[in-house]
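Worksheet for the structure shown next.
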Amino acid sequence: MNVDRTIKLKLSVSEEDKETLKQTITIFNTVFNEVAEYGFENKTYSKVSIHHATYKQIREKYPKLPSSLVQGARDVACEALKGVKLKHLPKAKTYSSIRYNQRVITYYLRYGKVSLATINGRIKATFNVPEYYRDYINWEVRSSTLKYDVRKDAFFLHVIFRTESPKPSGDKVLGIDRGIVNIAVCSNNVFFNGKQIKNVRAKYAFLRQKLQSKGTKSAKRLLRKISRKENGFVTDTNHCISKTIVNMPYDIFALEDLTSIRVQSRKGKDFTRKLNNWAFYQLAQFIEYKAEALGKSVIYIDPRFSSQKCSKCGDIRKSNRNGNSYHCKACGFEIHADLNASRNIAQAGISCLSRLSVNQPNVTTV
């Protein structure tokens, strides 16, 4: 198994090189559109047939574009045609991101430098590698995408790194219950409370309501800014929670498969809004990829009865749970309801191990 990570690097280039990169991106996307149009009209996404039909003509038409970038534009166009199954013509915008393969880009990661092929030869750019990306410097570079952000007038490289994932070992299971009041509760008695998160989200909701009522251009601009800040807050919080969880001394993390929650829940608009108000799936994804890098794995279990079942005696009654409290009417066991659920999730995860191979991460059982 391999682990892939994508990092984003902001490039620092001269004004002259900026113009060169803009022209390179523009021509690349023009080639993409011409190749895609040929493939669409001739009902093919074969790279070989499209290459023979278009390469010579495009090289004569755009002689400054390096051959590897011409081939890159062709490959991306063919993949786009295959992705839409030739049902419609994919089109690239003037400044759509472009792909760089290993022949047209050279990295000097330790020194924060990169050399890129353009219509005017190679240019050099510099970048800062954030501290939290430095672990990837020794990984293998797989592919790169150059993006021009028109709004910021800046260039960014999205680089995919790869390394071999550690081999999974051990079978110690941690159950994790995700919820609205508590973002995550672990079966080892660790709670990630959502009170502060709830207050921040309420503040953003209040500001959003006020701005929406105005409807002016400046209000809409502020709404977009607030949305970016809120999304950043959610992502950062989920990163912090998932990092803490995967570094716990456990080998397998059991989560509920929440895809059926929306169908099962019939608790009104207010509950649905709260349920949609946090990125449960993003948190799960973060736990998955962080666990994979450590040689750990994630399994998903059926969520039915996890909140009604007694984690001590196994009695299942809806009346056992009352808000945040769980009191088993069969054995008298009392515990926080979310902690009880997380322990049931852990038990279900252990049961799964008897039927599934723990050497395969991200196993789903429903």
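Within each chain, counting starts at residue 1; across the structure tokens, chains are named A, B, ... in the order shown, with ligands numbered 1 upward in that order.
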_Could you pull out the helix (DSSP H, G or I) residues of region 34-231 of chain A, going by DSSP on the backbone, and write them as a PyMOL selection string?_
chain A and resi 34-41+47-61+67-83+109-111+131-136+195-214+217-231
Each region 110-197 of chain A residue no farther than 6 Å from region 6-27 of chain A, nearest pair in Å, only C-alpha atoms, as CSV:
```
residue,atom,partner,partner_atom,distance
A:Thr118,CA,A:Thr24,CA,5.7
A:Ile119,CA,A:Thr24,CA,5.7
A:Ala125,CA,A:Val13,CA,5.2
A:Thr126,CA,A:Ser12,CA,5.2
A:Phe127,CA,A:Leu11,CA,5.0
A:Phe155,CA,A:Leu11,CA,5.5
A:Phe156,CA,A:Lys10,CA,4.5
A:Leu157,CA,A:Leu9,CA,5.1
A:His158,CA,A:Lys8,CA,4.6
A:Val159,CA,A:Thr6,CA,5.4
A:Ile160,CA,A:Thr6,CA,4.4
```
Go ahead and save the residues from that selection, with N, CA, C and O atoms, as a tab-separated table (two decimals), in the first residue's frame.
```
chain	number	residue	atom	x	y	z
A	118	THR	N	8.49	26.44	-19.73
A	118	THR	CA	7.48	27.38	-20.21
A	118	THR	C	7.67	27.61	-21.70
A	118	THR	O	8.57	27.01	-22.33
A	119	ILE	N	6.89	28.50	-22.27
A	119	ILE	CA	7.01	28.82	-23.70
A	119	ILE	C	8.31	29.58	-23.99
A	119	ILE	O	8.73	29.66	-25.14
A	125	ALA	N	11.54	29.42	-9.78
A	125	ALA	CA	10.67	30.04	-8.79
A	125	ALA	C	11.08	29.55	-7.41
A	125	ALA	O	11.68	28.48	-7.26
A	126	THR	N	10.74	30.33	-6.41
A	126	THR	CA	11.04	29.94	-5.04
A	126	THR	C	9.74	29.79	-4.25
A	126	THR	O	8.70	30.30	-4.65
A	127	PHE	N	9.81	29.10	-3.13
A	127	PHE	CA	8.64	28.90	-2.28
A	127	PHE	C	9.10	28.57	-0.87
A	127	PHE	O	10.24	28.15	-0.66
A	155	PHE	N	0.64	32.37	-8.20
A	155	PHE	CA	0.75	31.02	-8.73
A	155	PHE	C	0.96	30.03	-7.59
A	155	PHE	O	1.72	30.30	-6.65
A	156	PHE	N	0.30	28.87	-7.71
A	156	PHE	CA	0.41	27.84	-6.68
A	156	PHE	C	0.71	26.49	-7.35
A	156	PHE	O	0.15	26.17	-8.40
A	157	LEU	N	1.60	25.74	-6.73
A	157	LEU	CA	1.87	24.39	-7.18
A	157	LEU	C	1.22	23.41	-6.23
A	157	LEU	O	1.41	23.50	-5.00
A	158	HIS	N	0.42	22.50	-6.77
A	158	HIS	CA	-0.16	21.42	-5.98
A	158	HIS	C	0.66	20.17	-6.31
A	158	HIS	O	0.62	19.68	-7.45
A	159	VAL	N	1.40	19.69	-5.33
A	159	VAL	CA	2.34	18.59	-5.55
A	159	VAL	C	1.87	17.35	-4.82
A	159	VAL	O	1.53	17.40	-3.64
A	160	ILE	N	1.84	16.23	-5.55
A	160	ILE	CA	1.45	14.96	-4.95
A	160	ILE	C	2.71	14.17	-4.61
A	160	ILE	O	3.53	13.88	-5.48
```
Just checking: using only C-alpha atoms, which residue out of A:Ala154, A:Ile197, A:Ala341, A:Cys78 ends up closest to Ile316 (chain A)?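 Using only C-alpha atoms, the shortest distance to Ile316 (chain A) belongs to A:Ala341.
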| message | I need the strand (DSSP E or B) residues of region 105-306 of chain A per DSSP on the backbone, written as a ChimeraX atom specification. | response | /A:105-108,113-119,121-126,140-149,154-164,173-178,182-186,191-193,252-256,297-301
Applying 8 Å and only C-alpha atoms, which residues near Asp4 (chain A) remain after dropping the ones on its own chain fewer than 6 positions away? List them as a list in words.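 Result of the neighbour search: Ile160, Phe161, Arg162 and Thr163 of chain A.
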Check your understanding: What does the distance between CA of Asn101 (chain A) and CA of Gln71 (chain A) come to in Å, to one decimal place?
Key ->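 We find that CA of Asn101 (chain A) and CA of Gln71 (chain A) lie 9.7 Å from each other.
Taking only C-alpha atoms into account, Asp338 (chain A) lies nearest to A:Arg321 out of the set A:Arg142, A:Lys124, A:Lys91, A:Arg321.
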A straight line from CA of Arg122 (chain A) to CA of Glu60 (chain A) spans 20.4 Å
Produce a table with one row for each residue of region 94-194 of chain A that has an atom at most 12 Å from any atom of region 347-355 of chain A, each row naming the nearest atom pair and its distance in Å at one decimal; use only C-alpha atoms; arrange rows by chain and rising residue number; format as a tab-separated table.
```
residue	atom	partner	partner_atom	distance
A:Gly170	CA	A:Leu353	CA	11.2
A:Asp171	CA	A:Leu353	CA	8.1
A:Lys172	CA	A:Ile350	CA	8.4
A:Val173	CA	A:Ile350	CA	6.6
A:Leu174	CA	A:Gly349	CA	8.2
A:Gly175	CA	A:Gly349	CA	7.3
A:Ile176	CA	A:Gly349	CA	10.2
A:Ser187	CA	A:Gln347	CA	9.6
```
Same residues, all heavy atoms, saved as a PDB file, in the first residue's frame:
```
ATOM      1  N   GLY A 170      -1.143  -5.159  14.935  1.00  0.00           N
ATOM      2  CA  GLY A 170      -1.940  -5.008  16.145  1.00  0.00           C
ATOM      3  C   GLY A 170      -3.425  -5.017  15.860  1.00  0.00           C
ATOM      4  O   GLY A 170      -3.871  -4.840  14.723  1.00  0.00           O
ATOM      5  N   ASP A 171      -4.210  -5.228  16.905  1.00  0.00           N
ATOM      6  CA  ASP A 171      -5.666  -5.320  16.739  1.00  0.00           C
ATOM      7  C   ASP A 171      -6.414  -4.602  17.867  1.00  0.00           C
ATOM      8  O   ASP A 171      -7.541  -4.959  18.195  1.00  0.00           O
ATOM      9  CB  ASP A 171      -6.110  -6.774  16.648  1.00  0.00           C
ATOM     10  CG  ASP A 171      -5.679  -7.588  17.868  1.00  0.00           C
ATOM     11  OD1 ASP A 171      -5.063  -7.002  18.791  1.00  0.00           O
ATOM     12  OD2 ASP A 171      -5.958  -8.800  17.909  1.00  0.00           O
ATOM     13  N   LYS A 172      -5.788  -3.581  18.451  1.00  0.00           N
ATOM     14  CA  LYS A 172      -6.430  -2.835  19.520  1.00  0.00           C
ATOM     15  C   LYS A 172      -7.394  -1.818  18.911  1.00  0.00           C
ATOM     16  O   LYS A 172      -6.996  -0.963  18.120  1.00  0.00           O
ATOM     17  CB  LYS A 172      -5.371  -2.125  20.364  1.00  0.00           C
ATOM     18  CG  LYS A 172      -5.872  -1.661  21.722  1.00  0.00           C
ATOM     19  CD  LYS A 172      -4.722  -1.110  22.559  1.00  0.00           C
ATOM     20  CE  LYS A 172      -5.232  -0.632  23.908  1.00  0.00           C
ATOM     21  NZ  LYS A 172      -4.141  -0.042  24.712  1.00  0.00           N
ATOM     22  N   VAL A 173      -8.678  -1.924  19.284  1.00  0.00           N
ATOM     23  CA  VAL A 173      -9.733  -1.131  18.646  1.00  0.00           C
ATOM     24  C   VAL A 173     -10.179   0.022  19.540  1.00  0.00           C
ATOM     25  O   VAL A 173     -10.397  -0.148  20.743  1.00  0.00           O
ATOM     26  CB  VAL A 173     -10.957  -2.012  18.306  1.00  0.00           C
ATOM     27  CG1 VAL A 173     -12.069  -1.174  17.686  1.00  0.00           C
ATOM     28  CG2 VAL A 173     -10.552  -3.135  17.362  1.00  0.00           C
ATOM     29  N   LEU A 174     -10.350   1.197  18.912  1.00  0.00           N
ATOM     30  CA  LEU A 174     -10.924   2.361  19.587  1.00  0.00           C
ATOM     31  C   LEU A 174     -12.243   2.707  18.904  1.00  0.00           C
ATOM     32  O   LEU A 174     -12.291   2.908  17.688  1.00  0.00           O
ATOM     33  CB  LEU A 174      -9.983   3.566  19.508  1.00  0.00           C
ATOM     34  CG  LEU A 174     -10.507   4.849  20.169  1.00  0.00           C
ATOM     35  CD1 LEU A 174     -10.477   4.710  21.690  1.00  0.00           C
ATOM     36  CD2 LEU A 174      -9.683   6.064  19.733  1.00  0.00           C
ATOM     37  N   GLY A 175     -13.328   2.756  19.667  1.00  0.00           N
ATOM     38  CA  GLY A 175     -14.619   3.158  19.125  1.00  0.00           C
ATOM     39  C   GLY A 175     -14.786   4.665  19.218  1.00  0.00           C
ATOM     40  O   GLY A 175     -14.417   5.275  20.212  1.00  0.00           O
ATOM     41  N   ILE A 176     -15.327   5.275  18.157  1.00  0.00           N
ATOM     42  CA  ILE A 176     -15.499   6.732  18.111  1.00  0.00           C
ATOM     43  C   ILE A 176     -16.935   7.056  17.730  1.00  0.00           C
ATOM     44  O   ILE A 176     -17.405   6.665  16.656  1.00  0.00           O
ATOM     45  CB  ILE A 176     -14.538   7.379  17.090  1.00  0.00           C
ATOM     46  CG1 ILE A 176     -13.089   6.999  17.402  1.00  0.00           C
ATOM     47  CG2 ILE A 176     -14.700   8.901  17.078  1.00  0.00           C
ATOM     48  CD1 ILE A 176     -12.133   7.284  16.272  1.00  0.00           C
ATOM     49  N   SER A 187     -14.048   5.573  23.036  1.00  0.00           N
ATOM     50  CA  SER A 187     -14.370   4.525  24.006  1.00  0.00           C
ATOM     51  C   SER A 187     -13.357   4.454  25.152  1.00  0.00           C
ATOM     52  O   SER A 187     -13.560   3.711  26.102  1.00  0.00           O
ATOM     53  CB  SER A 187     -14.453   3.169  23.306  1.00  0.00           C
ATOM     54  OG  SER A 187     -13.262   2.890  22.602  1.00  0.00           O
TER      55      SER A 187
END
```
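The closest residue to Ala73 (chain A), picked from A:Arg103, A:Lys85, A:Lys47, A:His239 and counting only C-alpha atoms, is A:Lys47.
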Original post:
CA of Ser297 (chain A) and CA of Ile252 (chain A), how far apart in Å?
Top reply: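 Interatomic distance here is 4.9 Å.
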| request: Point out the residue among A:Ser325, A:Ser307, A:Asn29, A:Asn231 with the least atom-to-atom distance to Ala279 (chain A), counting only C-alpha atoms. | output: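 Of A:Ser325, A:Ser307, A:Asn29, A:Asn231, the one nearest Ala279 (chain A), counting only C-alpha atoms, is A:Asn231.
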Report as a short mmCIF file (atom, residue, chain, number, x, y, z; two decimals) with C-alpha atoms, in the first residue's frame all protein, DNA and RNA residues lying within 12 Å of Ser68 (chain A), evaluated on only C-alpha atoms, omitting residues in the same chain fewer than 4 positions from it.
```
data_model
loop_
_atom_site.label_atom_id
_atom_site.label_comp_id
_atom_site.auth_asym_id
_atom_site.auth_seq_id
_atom_site.Cartn_x
_atom_site.Cartn_y
_atom_site.Cartn_z
CA PHE A 28 -1.84 24.78 -22.63
CA TYR A 55 0.34 16.25 -32.39
CA ARG A 59 3.37 21.53 -32.61
CA LYS A 64 6.90 27.55 -28.25
CA GLY A 72 0.32 16.67 -21.02
CA ALA A 73 -2.54 18.74 -22.44
CA ARG A 74 -3.49 15.80 -24.68
CA ASP A 75 -3.44 13.34 -21.77
CA ARG A 99 -0.38 19.49 -15.28
CA TYR A 100 3.40 19.22 -15.14
CA ASN A 101 5.03 15.81 -15.46
CA GLN A 102 8.52 14.90 -14.25
CA ARG A 103 10.17 15.88 -17.55
CA VAL A 104 9.14 19.54 -17.39
CA ILE A 105 9.58 20.31 -13.70
CA LEU A 116 9.46 24.93 -14.66
CA ALA A 117 9.34 24.55 -18.44
CA THR A 118 7.48 27.38 -20.21
CA ILE A 119 7.01 28.82 -23.70
#
```
